[in-house]
$ cat model.pdb   # PDB, N, CA and C atoms
ATOM      1  N   MET E   1      91.164  71.019  69.724
ATOM      2  CA  MET E   1      91.694  70.950  71.069
ATOM      3  C   MET E   1      91.219  72.189  71.829
ATOM      4  N   LYS E   2      90.767  72.020  73.067
ATOM      5  CA  LYS E   2      90.302  73.126  73.888
ATOM      6  C   LYS E   2      91.323  73.394  74.984
ATOM      7  N   TYR E   3      91.633  74.656  75.187
ATOM      8  CA  TYR E   3      92.582  75.052  76.213
ATOM      9  C   TYR E   3      91.861  75.811  77.312
ATOM     10  N   ASP E   4      92.335  75.649  78.532
ATOM     11  CA  ASP E   4      91.810  76.437  79.644
ATOM     12  C   ASP E   4      92.255  77.882  79.479
ATOM     13  N   GLN E   5      91.478  78.789  80.064
ATOM     14  CA  GLN E   5      91.860  80.196  80.041
ATOM     15  C   GLN E   5      93.155  80.368  80.835
ATOM     16  N   VAL E   6      94.091  81.078  80.251
ATOM     17  CA  VAL E   6      95.387  81.300  80.891
ATOM     18  C   VAL E   6      95.303  82.547  81.765
ATOM     19  N   LYS E   7      95.811  82.442  82.981
ATOM     20  CA  LYS E   7      95.873  83.580  83.884
ATOM     21  C   LYS E   7      97.332  83.823  84.231
ATOM     22  N   VAL E   8      97.715  85.082  84.187
ATOM     23  CA  VAL E   8      99.091  85.465  84.475
ATOM     24  C   VAL E   8      99.096  86.324  85.731
ATOM     25  N   GLY E   9     100.004  86.026  86.629
ATOM     26  CA  GLY E   9     100.101  86.779  87.871
ATOM     27  C   GLY E   9     101.481  87.378  88.058
ATOM     28  N   VAL E  10     101.546  88.386  88.910
ATOM     29  CA  VAL E  10     102.820  88.995  89.283
ATOM     30  C   VAL E  10     102.955  88.937  90.798
ATOM     31  N   ASP E  11     104.160  88.740  91.259
ATOM     32  CA  ASP E  11     104.447  88.692  92.689
ATOM     33  C   ASP E  11     105.699  89.513  92.970
ATOM     34  N   PRO E  12     105.518  90.792  93.287
ATOM     35  CA  PRO E  12     106.694  91.614  93.581
ATOM     36  C   PRO E  12     107.328  91.210  94.907
ATOM     37  N   VAL E  13     108.643  91.297  94.963
ATOM     38  CA  VAL E  13     109.368  91.026  96.200
ATOM     39  C   VAL E  13     109.795  92.381  96.771
ATOM     40  N   ILE E  14     109.268  92.678  97.959
ATOM     41  CA  ILE E  14     109.553  93.952  98.617
ATOM     42  C   ILE E  14     110.500  93.658  99.766
ATOM     43  N   PHE E  15     111.683  94.252  99.697
ATOM     44  CA  PHE E  15     112.661  93.959 100.744
ATOM     45  C   PHE E  15     113.332  95.224 101.232
ATOM     46  N   THR E  16     113.884  95.113 102.419
ATOM     47  CA  THR E  16     114.645  96.203 103.014
ATOM     48  C   THR E  16     115.713  95.598 103.913
ATOM     49  N   ILE E  17     116.670  96.406 104.264
ATOM     50  CA  ILE E  17     117.677  95.989 105.247
ATOM     51  C   ILE E  17     117.425  96.809 106.500
ATOM     52  N   PHE E  18     117.192  96.129 107.606
ATOM     53  CA  PHE E  18     116.907  96.768 108.882
ATOM     54  C   PHE E  18     117.788  96.112 109.933
ATOM     55  N   ARG E  19     118.566  96.947 110.629
ATOM     56  CA  ARG E  19     119.519  96.442 111.635
ATOM     57  C   ARG E  19     120.435  95.360 111.057
ATOM     58  N   ASN E  20     120.943  95.643 109.863
ATOM     59  CA  ASN E  20     121.885  94.749 109.167
ATOM     60  C   ASN E  20     121.309  93.390 108.821
ATOM     61  N   ARG E  21     119.985  93.285 108.734
ATOM     62  CA  ARG E  21     119.346  92.027 108.331
ATOM     63  C   ARG E  21     118.383  92.287 107.181
ATOM     64  N   LEU E  22     118.324  91.354 106.254
ATOM     65  CA  LEU E  22     117.416  91.454 105.119
ATOM     66  C   LEU E  22     116.014  91.033 105.551
ATOM     67  N   HIS E  23     115.020  91.859 105.219
ATOM     68  CA  HIS E  23     113.617  91.558 105.526
ATOM     69  C   HIS E  23     112.822  91.585 104.227
ATOM     70  N   VAL E  24     111.880  90.653 104.094
ATOM     71  CA  VAL E  24     111.003  90.569 102.924
ATOM     72  C   VAL E  24     109.567  90.699 103.401
ATOM     73  N   TYR E  25     108.781  91.540 102.706
ATOM     74  CA  TYR E  25     107.383  91.735 103.077
ATOM     75  C   TYR E  25     106.534  90.573 102.579
ATOM     76  N   LEU E  26     105.704  90.017 103.474
ATOM     77  CA  LEU E  26     104.775  88.940 103.133
ATOM     78  C   LEU E  26     103.391  89.261 103.689
ATOM     79  N   ASN E  27     102.359  88.834 102.982
ATOM     80  CA  ASN E  27     100.966  88.975 103.421
ATOM     81  C   ASN E  27     100.475  87.657 103.978
ATOM     82  N   LYS E  28      99.456  87.713 104.851
ATOM     83  CA  LYS E  28      98.737  86.497 105.213
ATOM     84  C   LYS E  28      97.704  86.242 104.133
ATOM     85  N   ARG E  29      97.690  85.033 103.621
ATOM     86  CA  ARG E  29      96.766  84.668 102.548
ATOM     87  C   ARG E  29      95.337  84.680 103.063
ATOM     88  N   GLU E  30      94.420  85.322 102.303
ATOM     89  CA  GLU E  30      93.028  85.460 102.711
ATOM     90  C   GLU E  30      92.095  84.495 101.997
ATOM     91  N   LYS E  31      92.621  83.731 101.025
ATOM     92  CA  LYS E  31      91.778  82.841 100.222
ATOM     93  C   LYS E  31      92.312  81.413 100.280
ATOM     94  N   ASP E  32      91.405  80.475 100.065
ATOM     95  CA  ASP E  32      91.816  79.082  99.912
ATOM     96  C   ASP E  32      92.467  78.913  98.555
ATOM     97  N   PRO E  33      93.347  78.008  98.342
ATOM     98  CA  PRO E  33      93.908  77.138  99.372
ATOM     99  C   PRO E  33      94.969  77.868 100.200
ATOM    100  N   PHE E  34      95.340  77.296 101.260
ATOM    101  CA  PHE E  34      96.429  77.774 102.122
ATOM    102  C   PHE E  34      96.086  79.061 102.877
ATOM    103  N   ILE E  35      94.814  79.255 103.208
ATOM    104  CA  ILE E  35      94.378  80.446 103.939
ATOM    105  C   ILE E  35      95.194  80.593 105.223
ATOM    106  N   GLY E  36      95.626  81.823 105.506
ATOM    107  CA  GLY E  36      96.389  82.107 106.716
ATOM    108  C   GLY E  36      97.894  81.955 106.586
ATOM    109  N   LEU E  37      98.357  81.294 105.525
ATOM    110  CA  LEU E  37      99.803  81.159 105.327
ATOM    111  C   LEU E  37     100.357  82.428 104.668
ATOM    112  N   LEU E  38     101.664  82.571 104.690
ATOM    113  CA  LEU E  38     102.300  83.766 104.145
ATOM    114  C   LEU E  38     102.520  83.648 102.644
ATOM    115  N   GLU E  39     102.394  84.807 101.966
ATOM    116  CA  GLU E  39     102.591  84.851 100.514
ATOM    117  C   GLU E  39     103.142  86.213 100.117
ATOM    118  N   LEU E  40     103.734  86.269  98.935
ATOM    119  CA  LEU E  40     104.170  87.547  98.382
ATOM    120  C   LEU E  40     102.940  88.358  97.984
ATOM    121  N   PRO E  41     103.011  89.695  98.062
ATOM    122  CA  PRO E  41     101.852  90.522  97.709
ATOM    123  C   PRO E  41     101.750  90.684  96.196
ATOM    124  N   GLY E  42     100.897  89.952  95.568
ATOM    125  CA  GLY E  42     100.784  90.028  94.118
ATOM    126  C   GLY E  42      99.357  89.926  93.666
ATOM    127  N   GLY E  43      99.189  89.713  92.388
ATOM    128  CA  GLY E  43      97.853  89.587  91.846
ATOM    129  C   GLY E  43      97.887  89.191  90.383
ATOM    130  N   LEU E  44      96.694  88.982  89.849
ATOM    131  CA  LEU E  44      96.548  88.578  88.458
ATOM    132  C   LEU E  44      96.420  89.791  87.550
ATOM    133  N   LEU E  45      96.952  89.666  86.343
ATOM    134  CA  LEU E  45      96.775  90.699  85.340
ATOM    135  C   LEU E  45      95.314  90.717  84.914
ATOM    136  N   VAL E  46      94.770  91.911  84.735
ATOM    137  CA  VAL E  46      93.424  92.044  84.185
ATOM    138  C   VAL E  46      93.561  92.332  82.694
ATOM    139  N   GLU E  47      92.467  92.227  81.974
ATOM    140  CA  GLU E  47      92.495  92.398  80.519
ATOM    141  C   GLU E  47      93.123  93.733  80.126
ATOM    142  N   ASN E  48      94.002  93.675  79.134
ATOM    143  CA  ASN E  48      94.697  94.850  78.586
ATOM    144  C   ASN E  48      95.598  95.553  79.605
ATOM    145  N   GLU E  49      96.137  94.810  80.544
ATOM    146  CA  GLU E  49      97.035  95.381  81.550
ATOM    147  C   GLU E  49      98.381  94.676  81.443
ATOM    148  N   SER E  50      99.462  95.445  81.491
ATOM    149  CA  SER E  50     100.801  94.854  81.458
ATOM    150  C   SER E  50     101.184  94.383  82.860
ATOM    151  N   ALA E  51     102.224  93.569  82.941
ATOM    152  CA  ALA E  51     102.720  93.117  84.245
ATOM    153  C   ALA E  51     103.156  94.320  85.087
ATOM    154  N   ASN E  52     103.794  95.292  84.459
ATOM    155  CA  ASN E  52     104.232  96.495  85.162
ATOM    156  C   ASN E  52     103.034  97.261  85.726
ATOM    157  N   ASP E  53     101.963  97.386  84.929
ATOM    158  CA  ASP E  53     100.745  98.068  85.392
ATOM    159  C   ASP E  53     100.106  97.326  86.564
ATOM    160  N   THR E  54     100.130  95.998  86.508
ATOM    161  CA  THR E  54      99.556  95.200  87.588
ATOM    162  C   THR E  54     100.321  95.419  88.882
ATOM    163  N   ILE E  55     101.643  95.422  88.807
ATOM    164  CA  ILE E  55     102.454  95.657  90.003
ATOM    165  C   ILE E  55     102.142  97.036  90.587
ATOM    166  N   LYS E  56     102.079  98.061  89.729
ATOM    167  CA  LYS E  56     101.747  99.407  90.203
ATOM    168  C   LYS E  56     100.394  99.416  90.907
ATOM    169  N   ARG E  57      99.391  98.761  90.299
ATOM    170  CA  ARG E  57      98.043  98.724  90.871
ATOM    171  C   ARG E  57      98.033  98.020  92.223
ATOM    172  N   LYS E  58      98.684  96.868  92.319
ATOM    173  CA  LYS E  58      98.683  96.098  93.568
ATOM    174  C   LYS E  58      99.440  96.837  94.676
ATOM    175  N   LEU E  59     100.565  97.460  94.353
ATOM    176  CA  LEU E  59     101.321  98.210  95.355
ATOM    177  C   LEU E  59     100.536  99.440  95.816
ATOM    178  N   LEU E  60      99.852 100.095  94.886
ATOM    179  CA  LEU E  60      99.031 101.256  95.239
ATOM    180  C   LEU E  60      97.904 100.850  96.181
ATOM    181  N   GLU E  61      97.261  99.713  95.914
ATOM    182  CA  GLU E  61      96.181  99.220  96.770
ATOM    183  C   GLU E  61      96.663  98.954  98.197
ATOM    184  N   GLN E  62      97.868  98.415  98.340
ATOM    185  CA  GLN E  62      98.345  97.998  99.657
ATOM    186  C   GLN E  62      99.120  99.077 100.405
ATOM    187  N   PHE E  63      99.862  99.913  99.669
ATOM    188  CA  PHE E  63     100.796 100.825 100.339
ATOM    189  C   PHE E  63     100.630 102.289  99.966
ATOM    190  N   GLY E  64      99.787 102.605  99.012
ATOM    191  CA  GLY E  64      99.739 103.965  98.495
ATOM    192  C   GLY E  64     100.806 104.123  97.420
ATOM    193  N   ASP E  65     101.135 105.345  97.104
ATOM    194  CA  ASP E  65     102.100 105.626  96.048
ATOM    195  C   ASP E  65     103.517 105.343  96.547
ATOM    196  N   VAL E  66     104.170 104.330  95.967
ATOM    197  CA  VAL E  66     105.529 103.973  96.375
ATOM    198  C   VAL E  66     106.421 103.874  95.142
ATOM    199  N   TYR E  67     107.711 104.063  95.351
ATOM    200  CA  TYR E  67     108.704 103.886  94.300
ATOM    201  C   TYR E  67     109.016 102.397  94.175
ATOM    202  N   PHE E  68     109.101 101.915  92.951
ATOM    203  CA  PHE E  68     109.566 100.543  92.784
ATOM    204  C   PHE E  68     110.482 100.462  91.571
ATOM    205  N   LYS E  69     111.355  99.471  91.599
ATOM    206  CA  LYS E  69     112.327  99.257  90.540
ATOM    207  C   LYS E  69     112.268  97.800  90.146
ATOM    208  N   GLN E  70     112.173  97.551  88.858
ATOM    209  CA  GLN E  70     112.152  96.178  88.355
ATOM    210  C   GLN E  70     113.571  95.752  88.008
ATOM    211  N   PHE E  71     113.978  94.582  88.494
ATOM    212  CA  PHE E  71     115.318  94.060  88.222
ATOM    213  C   PHE E  71     115.235  92.879  87.302
TER
END

$ encode --input "model.pdb" --output "structure tokens"
Amino acid sequence: MKYDQVKVGVDPVIFTIFRNRLHVYLNKREKDPFIGLLELPGGLLVENESANDTIKRKLLEQFGDVYFKQF
């Protein structure tokens, strides 16, 4: 039996409360399918990388050095 290569992704949810309302950060999708629609800022794990490392890498790419907490 042949299996397709498995890809694992992470999608961190970045939220804040501003003026007593909950806000969630979303990106505009740059790739097909669904180009231009909103998505969570995430990415795929690369070889020998943990999910935690992937989140750190993706957040660093988009925002610089930020504090994050996994729940």

$ closest_residue --input "model.pdb" --among "E:Leu45, E:Phe34, E:Asn20, E:Leu26" --to "Val6 in chain E" --atoms "only C-alpha atoms"
E:Leu45

$ axis_aligned_box --input "model.pdb" --around "range 41-46 of chain E" --padding-each-side "6 Å" --output "lines of an AutoDock Vina configuration file"
center_x = 98.2
center_y = 90.5
center_z = 90.4
size_x = 21.6
size_y = 15.8
size_z = 27.4

$ atom_distance --input "model.pdb" --atom1 "CA of Phe18 in chain E" --atom2 "atom N of Asp53 in chain E"
28.2 Å

$ closest_residue --input "model.pdb" --among "E:Asp65, E:His23, E:Pro33, E:Gly9" --to "Glu49 in chain E" --atoms "only C-alpha atoms"
E:Gly9

$ closest_residue --input "model.pdb" --among "E:Val13, E:Gly64, E:Val8, E:Asp32" --to "Val46 in chain E" --atoms "all atoms listed in the file"
E:Val8

$ select_by_dssp --input "model.pdb" --residues "chain E" --states "helix (DSSP H, G or I)" --output "list in words"
Ala51, Asn52, Asp53, Thr54, Ile55, Lys56, Arg57, Lys58, Leu59, Leu60, Glu61, Gln62 and Phe63 of chain E

$ atom_distance --input "model.pdb" --atom1 "atom N of Val24 in chain E" --atom2 "atom N of Glu47 in chain E"
29.5 Å

$ atom_distance --input "model.pdb" --atom1 "CA of Lys58 in chain E" --atom2 "CA of Gly42 in chain E"
6.4 Å

$ select_by_dssp --input "model.pdb" --residues "chain E" --states "strand (DSSP E or B)" --output "list in words"
Gly9, Val10, Phe15, Thr16, Ile17, Phe18, Arg21, Leu22, His23, Val24, Asn27, Lys28, Leu38, Glu39, Gly43 and Leu44 of chain E

$ write_last_selection --input "model.pdb" --atoms "N, CA and C atoms" --output "tab-separated table (two decimals), in the frame of the given file"
chain	number	residue	atom	x	y	z
E	9	GLY	N	100.00	86.03	86.63
E	9	GLY	CA	100.10	86.78	87.87
E	9	GLY	C	101.48	87.38	88.06
E	10	VAL	N	101.55	88.39	88.91
E	10	VAL	CA	102.82	89.00	89.28
E	10	VAL	C	102.96	88.94	90.80
E	15	PHE	N	111.68	94.25	99.70
E	15	PHE	CA	112.66	93.96	100.74
E	15	PHE	C	113.33	95.22	101.23
E	16	THR	N	113.88	95.11	102.42
E	16	THR	CA	114.64	96.20	103.01
E	16	THR	C	115.71	95.60	103.91
E	17	ILE	N	116.67	96.41	104.26
E	17	ILE	CA	117.68	95.99	105.25
E	17	ILE	C	117.42	96.81	106.50
E	18	PHE	N	117.19	96.13	107.61
E	18	PHE	CA	116.91	96.77	108.88
E	18	PHE	C	117.79	96.11	109.93
E	21	ARG	N	119.98	93.28	108.73
E	21	ARG	CA	119.35	92.03	108.33
E	21	ARG	C	118.38	92.29	107.18
E	22	LEU	N	118.32	91.35	106.25
E	22	LEU	CA	117.42	91.45	105.12
E	22	LEU	C	116.01	91.03	105.55
E	23	HIS	N	115.02	91.86	105.22
E	23	HIS	CA	113.62	91.56	105.53
E	23	HIS	C	112.82	91.58	104.23
E	24	VAL	N	111.88	90.65	104.09
E	24	VAL	CA	111.00	90.57	102.92
E	24	VAL	C	109.57	90.70	103.40
E	27	ASN	N	102.36	88.83	102.98
E	27	ASN	CA	100.97	88.98	103.42
E	27	ASN	C	100.48	87.66	103.98
E	28	LYS	N	99.46	87.71	104.85
E	28	LYS	CA	98.74	86.50	105.21
E	28	LYS	C	97.70	86.24	104.13
E	38	LEU	N	101.66	82.57	104.69
E	38	LEU	CA	102.30	83.77	104.14
E	38	LEU	C	102.52	83.65	102.64
E	39	GLU	N	102.39	84.81	101.97
E	39	GLU	CA	102.59	84.85	100.51
E	39	GLU	C	103.14	86.21	100.12
E	43	GLY	N	99.19	89.71	92.39
E	43	GLY	CA	97.85	89.59	91.85
E	43	GLY	C	97.89	89.19	90.38
E	44	LEU	N	96.69	88.98	89.85
E	44	LEU	CA	96.55	88.58	88.46
E	44	LEU	C	96.42	89.79	87.55

$ closest_residue --input "model.pdb" --among "E:Gln62, E:Asn27, E:Thr16, E:Thr54" --to "Pro41 in chain E" --atoms "only N, CA and C atoms"
E:Asn27

$ closest_residue --input "model.pdb" --among "E:Val10, E:Glu30, E:Gln5, E:Phe15" --to "Leu44 in chain E" --atoms "all atoms listed in the file"
E:Val10

$ closest_residue --input "model.pdb" --among "E:Ile17, E:Lys7, E:Phe68, E:Leu22" --to "Asn52 in chain E" --atoms "only C-alpha atoms"
E:Phe68

$ build_atoms --input "model.pdb" --residues "range 7-18 of chain E" --atoms "all heavy atoms" --output "PDB file, in the frame of the given file"
ATOM      1  N   LYS E   7      95.811  82.442  82.981  1.00  0.00           N
ATOM      2  CA  LYS E   7      95.873  83.580  83.884  1.00  0.00           C
ATOM      3  C   LYS E   7      97.332  83.823  84.231  1.00  0.00           C
ATOM      4  O   LYS E   7      98.072  82.904  84.520  1.00  0.00           O
ATOM      5  CB  LYS E   7      95.061  83.314  85.148  1.00  0.00           C
ATOM      6  CG  LYS E   7      93.594  83.174  84.852  1.00  0.00           C
ATOM      7  CD  LYS E   7      92.773  83.036  86.084  1.00  0.00           C
ATOM      8  CE  LYS E   7      91.324  82.904  85.665  1.00  0.00           C
ATOM      9  NZ  LYS E   7      90.418  82.936  86.755  1.00  0.00           N
ATOM     10  N   VAL E   8      97.715  85.082  84.187  1.00  0.00           N
ATOM     11  CA  VAL E   8      99.091  85.465  84.475  1.00  0.00           C
ATOM     12  C   VAL E   8      99.096  86.324  85.731  1.00  0.00           C
ATOM     13  O   VAL E   8      98.276  87.229  85.871  1.00  0.00           O
ATOM     14  CB  VAL E   8      99.716  86.253  83.299  1.00  0.00           C
ATOM     15  CG1 VAL E   8     101.128  86.703  83.630  1.00  0.00           C
ATOM     16  CG2 VAL E   8      99.694  85.416  82.031  1.00  0.00           C
ATOM     17  N   GLY E   9     100.004  86.026  86.629  1.00  0.00           N
ATOM     18  CA  GLY E   9     100.101  86.779  87.871  1.00  0.00           C
ATOM     19  C   GLY E   9     101.481  87.378  88.058  1.00  0.00           C
ATOM     20  O   GLY E   9     102.444  86.952  87.424  1.00  0.00           O
ATOM     21  N   VAL E  10     101.546  88.386  88.910  1.00  0.00           N
ATOM     22  CA  VAL E  10     102.820  88.995  89.283  1.00  0.00           C
ATOM     23  C   VAL E  10     102.955  88.937  90.798  1.00  0.00           C
ATOM     24  O   VAL E  10     101.971  89.042  91.527  1.00  0.00           O
ATOM     25  CB  VAL E  10     102.932  90.458  88.795  1.00  0.00           C
ATOM     26  CG1 VAL E  10     102.948  90.534  87.291  1.00  0.00           C
ATOM     27  CG2 VAL E  10     101.825  91.317  89.356  1.00  0.00           C
ATOM     28  N   ASP E  11     104.160  88.740  91.259  1.00  0.00           N
ATOM     29  CA  ASP E  11     104.447  88.692  92.689  1.00  0.00           C
ATOM     30  C   ASP E  11     105.699  89.513  92.970  1.00  0.00           C
ATOM     31  O   ASP E  11     106.816  89.008  92.896  1.00  0.00           O
ATOM     32  CB  ASP E  11     104.653  87.248  93.151  1.00  0.00           C
ATOM     33  CG  ASP E  11     103.390  86.438  93.081  1.00  0.00           C
ATOM     34  OD1 ASP E  11     102.416  86.835  93.733  1.00  0.00           O
ATOM     35  OD2 ASP E  11     103.365  85.429  92.371  1.00  0.00           O
ATOM     36  N   PRO E  12     105.518  90.792  93.287  1.00  0.00           N
ATOM     37  CA  PRO E  12     106.694  91.614  93.581  1.00  0.00           C
ATOM     38  C   PRO E  12     107.328  91.210  94.907  1.00  0.00           C
ATOM     39  O   PRO E  12     106.638  90.802  95.840  1.00  0.00           O
ATOM     40  CB  PRO E  12     106.138  93.033  93.662  1.00  0.00           C
ATOM     41  CG  PRO E  12     104.706  92.860  94.019  1.00  0.00           C
ATOM     42  CD  PRO E  12     104.283  91.557  93.418  1.00  0.00           C
ATOM     43  N   VAL E  13     108.643  91.297  94.963  1.00  0.00           N
ATOM     44  CA  VAL E  13     109.368  91.026  96.200  1.00  0.00           C
ATOM     45  C   VAL E  13     109.795  92.381  96.771  1.00  0.00           C
ATOM     46  O   VAL E  13     110.532  93.123  96.135  1.00  0.00           O
ATOM     47  CB  VAL E  13     110.599  90.141  95.951  1.00  0.00           C
ATOM     48  CG1 VAL E  13     111.353  89.901  97.246  1.00  0.00           C
ATOM     49  CG2 VAL E  13     110.186  88.826  95.310  1.00  0.00           C
ATOM     50  N   ILE E  14     109.268  92.678  97.959  1.00  0.00           N
ATOM     51  CA  ILE E  14     109.553  93.952  98.617  1.00  0.00           C
ATOM     52  C   ILE E  14     110.500  93.658  99.766  1.00  0.00           C
ATOM     53  O   ILE E  14     110.165  92.894 100.667  1.00  0.00           O
ATOM     54  CB  ILE E  14     108.252  94.587  99.135  1.00  0.00           C
ATOM     55  CG1 ILE E  14     107.300  94.805  97.956  1.00  0.00           C
ATOM     56  CG2 ILE E  14     108.544  95.881  99.877  1.00  0.00           C
ATOM     57  CD1 ILE E  14     105.896  95.111  98.367  1.00  0.00           C
ATOM     58  N   PHE E  15     111.683  94.252  99.697  1.00  0.00           N
ATOM     59  CA  PHE E  15     112.661  93.959 100.744  1.00  0.00           C
ATOM     60  C   PHE E  15     113.332  95.224 101.232  1.00  0.00           C
ATOM     61  O   PHE E  15     113.333  96.248 100.571  1.00  0.00           O
ATOM     62  CB  PHE E  15     113.694  92.931 100.268  1.00  0.00           C
ATOM     63  CG  PHE E  15     114.470  93.362  99.062  1.00  0.00           C
ATOM     64  CD1 PHE E  15     115.669  94.052  99.205  1.00  0.00           C
ATOM     65  CD2 PHE E  15     114.025  93.057  97.791  1.00  0.00           C
ATOM     66  CE1 PHE E  15     116.388  94.446  98.092  1.00  0.00           C
ATOM     67  CE2 PHE E  15     114.743  93.450  96.674  1.00  0.00           C
ATOM     68  CZ  PHE E  15     115.923  94.141  96.828  1.00  0.00           C
ATOM     69  N   THR E  16     113.884  95.113 102.419  1.00  0.00           N
ATOM     70  CA  THR E  16     114.645  96.203 103.014  1.00  0.00           C
ATOM     71  C   THR E  16     115.713  95.598 103.913  1.00  0.00           C
ATOM     72  O   THR E  16     115.652  94.422 104.252  1.00  0.00           O
ATOM     73  CB  THR E  16     113.727  97.147 103.831  1.00  0.00           C
ATOM     74  OG1 THR E  16     114.478  98.291 104.237  1.00  0.00           O
ATOM     75  CG2 THR E  16     113.172  96.459 105.060  1.00  0.00           C
ATOM     76  N   ILE E  17     116.670  96.406 104.264  1.00  0.00           N
ATOM     77  CA  ILE E  17     117.677  95.989 105.247  1.00  0.00           C
ATOM     78  C   ILE E  17     117.425  96.809 106.500  1.00  0.00           C
ATOM     79  O   ILE E  17     117.386  98.041 106.464  1.00  0.00           O
ATOM     80  CB  ILE E  17     119.104  96.186 104.723  1.00  0.00           C
ATOM     81  CG1 ILE E  17     119.317  95.286 103.508  1.00  0.00           C
ATOM     82  CG2 ILE E  17     120.122  95.918 105.821  1.00  0.00           C
ATOM     83  CD1 ILE E  17     120.639  95.438 102.825  1.00  0.00           C
ATOM     84  N   PHE E  18     117.192  96.129 107.606  1.00  0.00           N
ATOM     85  CA  PHE E  18     116.907  96.768 108.882  1.00  0.00           C
ATOM     86  C   PHE E  18     117.788  96.112 109.933  1.00  0.00           C
ATOM     87  O   PHE E  18     117.783  94.888 110.078  1.00  0.00           O
ATOM     88  CB  PHE E  18     115.422  96.597 109.225  1.00  0.00           C
ATOM     89  CG  PHE E  18     115.013  97.212 110.530  1.00  0.00           C
ATOM     90  CD1 PHE E  18     114.982  98.582 110.685  1.00  0.00           C
ATOM     91  CD2 PHE E  18     114.657  96.414 111.597  1.00  0.00           C
ATOM     92  CE1 PHE E  18     114.603  99.153 111.876  1.00  0.00           C
ATOM     93  CE2 PHE E  18     114.272  96.962 112.805  1.00  0.00           C
ATOM     94  CZ  PHE E  18     114.241  98.346 112.946  1.00  0.00           C
TER      95      PHE E  18
END
